[in-house]
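Trainee: Dropping in target07.pdb, with PDB, C-alpha atoms and all ligand atoms.
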ATOM      1  CA  MET A   1      84.393 117.554 121.414
ATOM      2  CA  THR A   2      82.077 117.337 124.372
ATOM      3  CA  GLY A   3      79.172 115.625 122.605
ATOM      4  CA  LEU A   4      76.552 116.660 120.080
ATOM      5  CA  PRO A   5      73.086 117.906 121.062
ATOM      6  CA  PRO A   6      70.451 115.152 121.428
ATOM      7  CA  ALA A   7      68.217 114.264 118.469
ATOM      8  CA  GLY A   8      65.270 116.618 118.192
ATOM      9  CA  THR A   9      67.217 119.670 119.382
ATOM     10  CA  ALA A  10      66.236 122.726 117.347
ATOM     11  CA  VAL A  11      68.929 124.296 115.191
ATOM     12  CA  ARG A  12      68.233 127.710 113.714
ATOM     13  CA  ILE A  13      69.458 128.378 110.186
ATOM     14  CA  VAL A  14      69.758 131.973 109.031
ATOM     15  CA  GLU A  15      69.502 131.932 105.241
ATOM     16  CA  VAL A  16      71.805 134.590 103.806
ATOM     17  CA  GLY A  17      71.723 133.612 100.111
ATOM     18  CA  PRO A  18      69.499 136.473  98.926
ATOM     19  CA  ARG A  19      71.928 138.986 100.489
ATOM     20  CA  ASP A  20      75.423 137.596 101.104
ATOM     21  CA  GLY A  21      75.040 135.255  98.146
ATOM     22  CA  LEU A  22      73.500 137.497  95.510
ATOM     23  CA  GLN A  23      75.623 140.539  96.356
ATOM     24  CA  ASN A  24      78.630 138.531  95.195
ATOM     25  CA  GLU A  25      77.188 137.307  91.925
ATOM     26  CA  ARG A  26      78.129 138.913  88.622
ATOM     27  CA  ALA A  27      74.759 138.144  87.051
ATOM     28  CA  ALA A  28      72.062 140.728  87.612
ATOM     29  CA  VAL A  29      69.057 138.980  89.125
ATOM     30  CA  SER A  30      65.816 140.899  88.666
ATOM     31  CA  THR A  31      63.793 142.200  91.597
ATOM     32  CA  GLY A  32      60.932 139.875  90.713
ATOM     33  CA  ASP A  33      63.230 136.853  90.615
ATOM     34  CA  LYS A  34      64.748 137.814  93.980
ATOM     35  CA  ILE A  35      61.276 138.000  95.505
ATOM     36  CA  ALA A  36      60.307 134.639  93.980
ATOM     37  CA  PHE A  37      63.554 133.096  95.262
ATOM     38  CA  VAL A  38      62.960 134.329  98.815
ATOM     39  CA  ALA A  39      59.353 133.104  98.709
ATOM     40  CA  ARG A  40      60.602 129.639  97.699
ATOM     41  CA  LEU A  41      63.134 129.656 100.532
ATOM     42  CA  ALA A  42      60.327 130.455 102.966
ATOM     43  CA  ASP A  43      58.232 127.675 101.382
ATOM     44  CA  ALA A  44      61.133 125.299 102.091
ATOM     45  CA  GLY A  45      60.788 126.077 105.798
ATOM     46  CA  LEU A  46      63.504 128.667 106.333
ATOM     47  CA  ARG A  47      62.312 130.965 109.116
ATOM     48  CA  ALA A  48      65.077 133.593 109.159
ATOM     49  CA  ILE A  49      66.026 135.028 105.783
ATOM     50  CA  GLU A  50      68.389 137.926 105.115
ATOM     51  CA  VAL A  51      66.874 139.482 102.030
ATOM     52  CA  GLY A  52      69.025 142.502 101.201
ATOM     53  CA  ALA A  53      71.315 145.318 102.281
ATOM     54  CA  PHE A  54      70.493 149.002 102.536
ATOM     55  CA  VAL A  55      73.987 150.006 101.491
ATOM     56  CA  SER A  56      75.276 152.392  98.847
ATOM     57  CA  PRO A  57      73.937 151.295  95.431
ATOM     58  CA  ARG A  58      77.139 152.693  93.934
ATOM     59  CA  ARG A  59      79.287 150.416  96.042
ATOM     60  CA  VAL A  60      77.061 147.328  95.928
ATOM     61  CA  PRO A  61      74.854 147.608  92.818
ATOM     62  CA  GLN A  62      73.384 144.116  93.340
ATOM     63  CA  MET A  63      71.588 145.391  96.443
ATOM     64  CA  ALA A  64      70.243 148.605  94.895
ATOM     65  CA  ASP A  65      66.694 147.219  94.820
ATOM     66  CA  ALA A  66      66.588 146.204  98.505
ATOM     67  CA  ASP A  67      63.618 148.510  99.148
ATOM     68  CA  ALA A  68      61.592 146.987  96.321
ATOM     69  CA  VAL A  69      62.522 143.437  97.327
ATOM     70  CA  VAL A  70      61.441 143.952 100.943
ATOM     71  CA  ARG A  71      58.228 145.679  99.911
ATOM     72  CA  GLY A  72      57.420 142.942  97.408
ATOM     73  CA  LEU A  73      57.853 140.023  99.814
ATOM     74  CA  PRO A  74      54.744 138.254 101.007
ATOM     75  CA  ARG A  75      54.595 138.577 104.824
ATOM     76  CA  ARG A  76      54.306 135.162 106.448
ATOM     77  CA  PRO A  77      53.697 134.298 110.070
ATOM     78  CA  GLY A  78      56.805 132.850 111.677
ATOM     79  CA  VAL A  79      59.197 134.048 108.959
ATOM     80  CA  THR A  80      61.556 136.923 109.767
ATOM     81  CA  PHE A  81      63.068 138.912 106.917
ATOM     82  CA  SER A  82      66.142 140.970 107.783
ATOM     83  CA  ALA A  83      68.522 143.347 106.022
ATOM     84  CA  LEU A  84      71.977 144.816 106.544
ATOM     85  CA  VAL A  85      72.273 148.491 107.435
ATOM     86  CA  PRO A  86      75.618 150.345 107.486
ATOM     87  CA  ASN A  87      74.413 153.615 109.019
ATOM     88  CA  LEU A  88      71.383 155.691 110.060
ATOM     89  CA  GLU A  89      70.502 156.456 106.460
ATOM     90  CA  GLY A  90      70.369 152.725 105.693
ATOM     91  CA  LEU A  91      68.296 152.156 108.809
ATOM     92  CA  GLU A  92      65.800 154.779 107.668
ATOM     93  CA  ARG A  93      65.385 152.959 104.360
ATOM     94  CA  ALA A  94      65.010 149.635 106.195
ATOM     95  CA  LEU A  95      62.382 151.035 108.558
ATOM     96  CA  ALA A  96      60.472 152.619 105.689
ATOM     97  CA  ALA A  97      60.454 149.296 103.840
ATOM     98  CA  GLY A  98      59.217 147.571 106.996
ATOM     99  CA  VAL A  99      61.859 144.994 107.998
ATOM    100  CA  PRO A 100      61.434 143.658 111.543
ATOM    101  CA  GLU A 101      65.161 143.005 111.950
ATOM    102  CA  VAL A 102      68.394 144.653 110.804
ATOM    103  CA  ALA A 103      72.003 143.518 110.906
ATOM    104  CA  ILE A 104      75.023 145.707 111.590
ATOM    105  CA  PHE A 105      78.445 144.517 110.447
ATOM    106  CA  ALA A 106      81.640 145.295 112.298
ATOM    107  CA  ALA A 107      85.052 143.710 111.696
ATOM    108  CA  ALA A 108      87.646 142.255 114.028
ATOM    109  CA  SER A 109      90.441 143.507 111.752
ATOM    110  CA  GLU A 110      91.218 147.206 111.396
ATOM    111  CA  THR A 111      92.451 146.884 107.800
ATOM    112  CA  PHE A 112      89.479 144.788 106.694
ATOM    113  CA  SER A 113      87.109 147.253 108.354
ATOM    114  CA  ARG A 114      88.628 150.111 106.337
ATOM    115  CA  HIS A 115      88.423 148.123 103.083
ATOM    116  CA  ASN A 116      84.915 146.778 103.672
ATOM    117  CA  ILE A 117      83.110 149.791 105.089
ATOM    118  CA  ASN A 118      85.617 152.635 104.767
ATOM    119  CA  ARG A 119      85.843 153.112 108.525
ATOM    120  CA  GLY A 120      88.047 151.906 111.348
ATOM    121  CA  ILE A 121      86.614 149.578 113.994
ATOM    122  CA  ASP A 122      85.977 152.181 116.706
ATOM    123  CA  GLU A 123      84.478 154.660 114.278
ATOM    124  CA  SER A 124      82.166 151.946 112.901
ATOM    125  CA  LEU A 125      81.081 150.902 116.398
ATOM    126  CA  ALA A 126      80.200 154.498 117.271
ATOM    127  CA  ILE A 127      77.895 154.621 114.245
ATOM    128  CA  TYR A 128      76.476 151.149 114.896
ATOM    129  CA  GLY A 129      75.711 152.206 118.462
ATOM    130  CA  GLU A 130      73.500 154.982 117.104
ATOM    131  CA  VAL A 131      71.941 152.610 114.545
ATOM    132  CA  ALA A 132      71.182 150.025 117.241
ATOM    133  CA  ARG A 133      69.652 152.618 119.550
ATOM    134  CA  ALA A 134      67.384 153.942 116.806
ATOM    135  CA  ALA A 135      66.443 150.451 115.588
ATOM    136  CA  LEU A 136      65.547 149.218 119.077
ATOM    137  CA  ALA A 137      63.546 152.396 119.697
ATOM    138  CA  ALA A 138      61.583 151.576 116.530
ATOM    139  CA  GLY A 139      60.913 148.036 117.766
ATOM    140  CA  VAL A 140      63.351 146.427 115.307
ATOM    141  CA  ARG A 141      65.726 143.699 116.435
ATOM    142  CA  VAL A 142      69.458 144.017 115.797
ATOM    143  CA  ARG A 143      71.830 141.225 114.800
ATOM    144  CA  GLY A 144      75.556 141.966 115.054
ATOM    145  CA  TYR A 145      77.990 140.538 112.525
ATOM    146  CA  LEU A 146      81.638 140.405 113.384
ATOM    147  CA  SER A 147      83.705 139.641 110.292
ATOM    148  CA  THR A 148      87.271 138.275 110.032
ATOM    149  CA  CYS A 149      86.976 136.496 113.422
ATOM    150  CA  PHE A 150      89.171 133.626 112.239
ATOM    151  CA  GLY A 151      91.655 135.543 110.124
ATOM    152  CA  CYS A 152      91.994 138.614 107.925
ATOM    153  CA  PRO A 153      92.935 138.731 104.218
ATOM    154  CA  TYR A 154      95.194 141.723 104.930
ATOM    155  CA  GLU A 155      96.451 141.257 108.498
ATOM    156  CA  GLY A 156      96.522 137.469 108.809
ATOM    157  CA  GLU A 157      95.948 136.252 112.348
ATOM    158  CA  VAL A 158      93.294 138.033 114.416
ATOM    159  CA  PRO A 159      93.792 137.891 118.212
ATOM    160  CA  GLU A 160      90.998 135.985 119.992
ATOM    161  CA  ALA A 161      90.930 138.551 122.793
ATOM    162  CA  ARG A 162      90.023 141.231 120.268
ATOM    163  CA  VAL A 163      87.129 139.122 118.956
ATOM    164  CA  VAL A 164      85.868 138.587 122.513
ATOM    165  CA  GLY A 165      86.035 142.305 123.294
ATOM    166  CA  LEU A 166      84.215 143.322 120.118
ATOM    167  CA  ALA A 167      81.541 140.634 120.508
ATOM    168  CA  ASP A 168      80.922 141.978 123.993
ATOM    169  CA  ARG A 169      80.577 145.523 122.640
ATOM    170  CA  LEU A 170      78.038 144.423 119.994
ATOM    171  CA  LEU A 171      75.931 142.742 122.686
ATOM    172  CA  ALA A 172      76.267 145.784 124.941
ATOM    173  CA  MET A 173      74.807 148.030 122.231
ATOM    174  CA  GLY A 174      71.720 145.822 122.096
ATOM    175  CA  ALA A 175      72.405 143.135 119.476
ATOM    176  CA  TYR A 176      70.403 140.022 120.418
ATOM    177  CA  GLU A 177      73.033 137.833 118.775
ATOM    178  CA  VAL A 178      76.629 138.120 117.627
ATOM    179  CA  VAL A 179      77.609 136.346 114.419
ATOM    180  CA  LEU A 180      81.232 135.213 114.482
ATOM    181  CA  SER A 181      82.085 135.214 110.801
ATOM    182  CA  ASP A 182      84.815 133.428 108.889
ATOM    183  CA  THR A 183      85.019 135.992 106.118
ATOM    184  CA  ILE A 184      87.875 134.337 104.216
ATOM    185  CA  GLY A 185      86.906 130.705 104.782
ATOM    186  CA  ILE A 186      90.013 129.890 106.755
ATOM    187  CA  ALA A 187      88.496 128.495 109.971
ATOM    188  CA  HIS A 188      89.458 125.018 111.120
ATOM    189  CA  PRO A 189      87.620 123.045 113.831
ATOM    190  CA  GLY A 190      90.602 123.449 116.155
ATOM    191  CA  GLN A 191      90.333 127.208 115.794
ATOM    192  CA  VAL A 192      86.540 127.109 116.244
ATOM    193  CA  ARG A 193      86.977 125.264 119.549
ATOM    194  CA  SER A 194      89.685 127.629 120.702
ATOM    195  CA  LEU A 195      87.725 130.804 119.843
ATOM    196  CA  LEU A 196      84.415 129.569 121.282
ATOM    197  CA  GLU A 197      86.133 128.633 124.526
ATOM    198  CA  GLN A 198      87.139 132.313 124.770
ATOM    199  CA  THR A 199      83.945 133.988 123.539
ATOM    200  CA  ARG A 200      81.668 132.003 125.862
ATOM    201  CA  HIS A 201      82.969 134.058 128.782
ATOM    202  CA  ALA A 202      81.605 137.221 127.168
ATOM    203  CA  VAL A 203      78.727 136.018 124.981
ATOM    204  CA  PRO A 204      76.202 133.343 126.040
ATOM    205  CA  VAL A 205      76.152 130.400 123.598
ATOM    206  CA  GLY A 206      72.470 131.176 122.962
ATOM    207  CA  ALA A 207      73.484 134.617 121.677
ATOM    208  CA  THR A 208      76.320 133.294 119.496
ATOM    209  CA  ALA A 209      75.887 132.400 115.824
ATOM    210  CA  LEU A 210      78.486 131.236 113.341
ATOM    211  CA  HIS A 211      78.928 132.216 109.707
ATOM    212  CA  PHE A 212      81.234 129.866 107.854
ATOM    213  CA  HIS A 213      82.504 129.734 104.308
ATOM    214  CA  ASP A 214      83.499 126.454 102.732
ATOM    215  CA  THR A 215      86.572 127.780 100.933
ATOM    216  CA  ARG A 216      88.850 125.083 102.331
ATOM    217  CA  GLY A 217      86.229 122.364 102.719
ATOM    218  CA  THR A 218      86.064 122.729 106.520
ATOM    219  CA  GLY A 219      82.604 124.329 106.716
ATOM    220  CA  LEU A 220      80.669 121.303 107.955
ATOM    221  CA  ALA A 221      83.472 120.145 110.253
ATOM    222  CA  ASN A 222      83.386 123.603 111.824
ATOM    223  CA  VAL A 223      79.617 123.331 112.300
ATOM    224  CA  LEU A 224      80.036 119.951 113.983
ATOM    225  CA  MET A 225      82.613 121.366 116.377
ATOM    226  CA  ALA A 226      80.429 124.392 117.161
ATOM    227  CA  LEU A 227      77.393 122.127 117.773
ATOM    228  CA  SER A 228      79.440 120.135 120.255
ATOM    229  CA  LEU A 229      80.152 123.382 122.109
ATOM    230  CA  GLY A 230      76.491 124.336 122.381
ATOM    231  CA  ILE A 231      76.038 126.635 119.383
ATOM    232  CA  THR A 232      72.682 126.132 117.608
ATOM    233  CA  THR A 233      72.504 129.031 115.120
ATOM    234  CA  PHE A 234      74.283 128.929 111.768
ATOM    235  CA  ASP A 235      74.243 131.142 108.685
ATOM    236  CA  ALA A 236      74.117 129.409 105.317
ATOM    237  CA  SER A 237      73.477 130.315 101.714
ATOM    238  CA  ALA A 238      71.198 128.349  99.390
ATOM    239  CA  GLY A 239      73.222 126.431  96.813
ATOM    240  CA  GLY A 240      76.407 127.890  98.305
ATOM    241  CA  LEU A 241      75.820 131.264  96.645
ATOM    242  CA  GLY A 242      78.271 134.087  97.165
ATOM    243  CA  GLY A 243      81.504 134.968  98.934
ATOM    244  CA  CYS A 244      82.779 138.446  99.677
ATOM    245  CA  PRO A 245      83.873 140.953  96.990
ATOM    246  CA  PHE A 246      86.094 142.837  99.454
ATOM    247  CA  ALA A 247      87.916 139.732 100.708
ATOM    248  CA  PRO A 248      90.329 138.532  97.996
ATOM    249  CA  GLY A 249      90.075 134.789  97.418
ATOM    250  CA  ALA A 250      86.987 134.227  99.573
ATOM    251  CA  ALA A 251      84.834 131.514  98.020
ATOM    252  CA  GLY A 252      81.233 130.701  98.657
ATOM    253  CA  ASN A 253      79.289 130.617 101.869
ATOM    254  CA  LEU A 254      78.538 127.335 103.534
ATOM    255  CA  ALA A 255      75.658 125.892 101.481
ATOM    256  CA  THR A 256      72.287 125.567 103.179
ATOM    257  CA  GLU A 257      71.686 122.203 101.459
ATOM    258  CA  ASP A 258      74.974 120.829 102.833
ATOM    259  CA  LEU A 259      74.134 122.124 106.315
ATOM    260  CA  VAL A 260      70.584 120.719 106.270
ATOM    261  CA  TYR A 261      71.847 117.330 105.066
ATOM    262  CA  LEU A 262      74.294 117.185 107.987
ATOM    263  CA  LEU A 263      71.728 118.324 110.569
ATOM    264  CA  ASP A 264      69.025 115.975 109.222
ATOM    265  CA  GLY A 265      71.438 113.084 109.556
ATOM    266  CA  LEU A 266      72.095 114.003 113.187
ATOM    267  CA  GLY A 267      68.348 114.078 113.869
ATOM    268  CA  LEU A 268      68.439 117.800 114.671
ATOM    269  CA  ALA A 269      65.334 119.862 113.936
ATOM    270  CA  THR A 270      65.744 122.609 111.343
ATOM    271  CA  GLY A 271      62.199 122.777 109.988
ATOM    272  CA  VAL A 272      63.686 122.867 106.482
ATOM    273  CA  ASN A 273      62.590 120.503 103.730
ATOM    274  CA  LEU A 274      65.729 119.620 101.764
ATOM    275  CA  GLN A 275      63.915 118.843  98.509
ATOM    276  CA  ALA A 276      61.982 122.127  98.584
ATOM    277  CA  LEU A 277      65.246 123.915  99.290
ATOM    278  CA  VAL A 278      66.882 122.238  96.278
ATOM    279  CA  SER A 279      63.937 123.429  94.199
ATOM    280  CA  ALA A 280      64.462 127.010  95.414
ATOM    281  CA  SER A 281      68.124 126.873  94.390
ATOM    282  CA  ALA A 282      67.208 125.230  91.069
ATOM    283  CA  PHE A 283      64.909 128.185  90.369
ATOM    284  CA  LEU A 284      67.806 130.593  90.828
ATOM    285  CA  GLU A 285      70.657 128.675  89.173
ATOM    286  CA  PRO A 286      69.715 129.380  85.513
ATOM    287  CA  ARG A 287      69.657 133.106  86.364
ATOM    288  CA  LEU A 288      73.352 133.003  87.346
ATOM    289  CA  ASP A 289      76.430 132.644  85.153
ATOM    290  CA  HIS A 290      77.774 129.489  86.839
ATOM    291  CA  PRO A 291      76.544 126.280  88.465
ATOM    292  CA  LEU A 292      75.793 126.412  92.186
ATOM    293  CA  PRO A 293      78.672 124.853  94.150
ATOM    294  CA  SER A 294      76.771 123.007  96.926
ATOM    295  CA  LYS A 295      77.675 119.304  96.815
ATOM    296  CA  VAL A 296      74.354 118.156  98.261
ATOM    297  CA  TYR A 297      72.474 120.406  95.821
ATOM    298  CA  GLN A 298      74.413 118.951  92.874
ATOM    299  CA  ALA A 299      73.860 115.362  94.040
ATOM    300  CA  GLU A 300      70.123 115.887  94.494
ATOM    301  CA  ARG A 301      69.861 117.515  91.069
ATOM    302  CA  ARG A 302      71.689 114.572  89.450
ATOM    303  CA  LYS A 303      69.283 112.196  91.200
ATOM    304  CA  ARG A 304      66.331 114.097  89.773
ATOM    305  CA  THR A 305      67.595 114.006  86.190
ATOM    306  CA  ALA A 306      68.811 110.381  86.344
TER     307      ALA A 306
HETATM  308 MG    MG B 401      79.515 135.126 103.796
END
Output the file's structure in the form of structure tokens.
Ligand code: MG

Mentor:
Amino acid sequence: MTGLPPAGTAVRIVEVGPRDGLQNERAAVSTGDKIAFVARLADAGLRAIEVGAFVSPRRVPQMADADAVVRGLPRRPGVTFSALVPNLEGLERALAAGVPEVAIFAAASETFSRHNINRGIDESLAIYGEVARAALAAGVRVRGYLSTCFGCPYEGEVPEARVVGLADRLLAMGAYEVVLSDTIGIAHPGQVRSLLEQTRHAVPVGATALHFHDTRGTGLANVLMALSLGITTFDASAGGLGGCPFAPGAAGNLATEDLVYLLDGLGLATGVNLQALVSASAFLEPRLDHPLPSKVYQAERRKRTA
């Protein structure tokens, strides 16, 4: 590692719990509860929150109320709500609901791409190119996810050169940031270093974000390695909600509480109040059918009831 950023450096957390988390929960959370959850996350200081996905309600029933959720959210200065869009139809719904930012989601593995979105990589990029053009023309920012960057549940190893090439294509179509995503929670710090040393030739570190899962307990170690290589944007999910229904064996996202605890300890500036964040997760937990997995969340809850 080359050294961590100095204390006071701003680190941007993109909260994906209301989308990536909830879309993978069995329990049906009501629209009103989703809106209240997002409002609490914003109260906790989260400034970038992914609140839903304008995808097929047949395929992802948990996201069927994305329009109502977005419309019901209180607009707050400094807080950006975003949503996933798979195609132009999804973008139309997103624009009608009034999101200022959308995310497109390509894959670095051909087989995963076909399982996840029913299209091959090149076909998906052709559609995303149109989506990005239309979104930018409407004054909406575009974030570009690239899934399976560290490994694929079907194909295994994913060549780094392919990740670099696809990240470059997402930027070229107008994404302001590319999110290198560890869809199956397999990434190790050694792999993070190796991949980032390749991607930095194509994507500036300021336009690179990382999306880790904590499946193998390496989530925070991966963050530490990425920080040491200049990355300052990380996705996380309140309480550790969610995984991926189309990636067999993928466990929960890196928990926002765990990430904030690490960053607080390093003196990095997230703007997030850990206790308020724990309260947001505690609001949601009884509406699910299992306890939230975040270790920091669990420890703080035990402290409160002790
Ligand atoms: Mg995820």

Trainee: Expressed in Å to a single decimal, how great is the separation between CA of Arg75 in chain A and CA of Val51 in chain A?

Mentor: 12.6 Å

Trainee: Centre and edge lengths of an axis-aligned box around all listed atoms of range 171-178 of chain A, with 8 Å added on each side, are to be given in Å to one decimal, as JSON.

Mentor:
{"center_x": 73.5, "center_y": 142.9, "center_z": 121.3, "size_x": 22.2, "size_y": 26.2, "size_z": 23.3}

Trainee: Using all atoms listed in the file, can you list as a list of chain:residue names the residues within 7 Å of (80.5, 130.2, 112.6)?

Mentor: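 These residues have at least one counted atom within 7 Å: A:Leu180, A:Ser181, A:Asp182, A:Ala209, A:Leu210, A:His211, A:Phe212, A:Val223, A:Phe234.
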
Trainee: Could you give me, as an MDAnalysis selection string, the residues within 10 Å of Arg216 in chain A, counting only C-alpha atoms and dropping anything in the same chain fewer than 2 positions from it?

Mentor: chainID A and resid 184:188 213:214 218:219 250:251

Trainee: Identify all residues satisfying the PyMOL selection byres (((chain A and resi 279-296) around 7) and not hetatm) in the given file; provide them as a PyMOL selection string.

Mentor: chain A and resi 27+29+37+40-41+238-241+255+257-258+275-278+297-300

Trainee: Suppose you want the space between CA of Val158 in chain A and CA of Val178 in chain A; what is it in Å?

Mentor: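 Going from CA of Val158 in chain A over to CA of Val178 in chain A, I get 17.0 Å.
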
Trainee: Could you state the separation of CA of Arg47 in chain A and CA of Val272 in chain A in Å, given to one decimal place?

Mentor: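 Answer for the CA of Arg47 in chain A to CA of Val272 in chain A separation: 8.6 Å.
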
Trainee: Show me as an MDAnalysis selection string the residues that reach within 12 Å of (86.2, 149.7, 103.8), counting only C-alpha atoms and using the file's own coordinates.

Mentor: chainID A and resid 59 86 105:107 109:121 123:124 245:247

Trainee: Give the answer as one residue: which of A:Ala36, A:Leu73, A:Met63, A:Leu224 has the shortest atom-to-atom distance to Asn24 in chain A, using all atoms listed in the file?

Mentor: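 With all atoms listed in the file as the atom set, the closest residue is A:Met63.
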
Trainee: I want to know what sits within 12 Å of Asp264 in chain A, based on only C-alpha atoms, with residues of the same chain fewer than 2 positions away left out; could you give that as a list in words?

Mentor: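 Listed by chain and then number, they are Ala7, Gly8, Thr9, Ala10, Val11, Thr256, Glu257, Asp258, Leu259, Val260, Tyr261, Leu262, Leu266, Gly267, Leu268, Ala269, Thr270, Gly271, Val272, Asn273 and Leu274 of chain A.
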
Trainee: On this file, the PyMOL selection byres (((chain A and resi 160-172) around 6) and not hetatm) gives some set of residues; write that set as a list in words.

Mentor: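 Answer for the PyMOL selection byres (((chain A and resi 160-172) around 6) and not hetatm): Ala108, Pro159, Met173, Gly174, Ala175, Thr199 and Ala202 of chain A.
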
Trainee: Please determine, counting all atoms listed in the file, which residue among A:Glu89, A:Asp33, A:Asp43, A:Glu101 has the shortest atom-to-atom distance to Arg76 in chain A.

Mentor: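 Distance minimum relative to Arg76 in chain A lands on A:Asp43.
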
Trainee: May I ask which of the residues A:Pro189, A:Gly52, A:Gly144, A:Gly252 is the closest one to Ser228 in chain A, counting all atoms listed in the file?

Mentor: A:Pro189
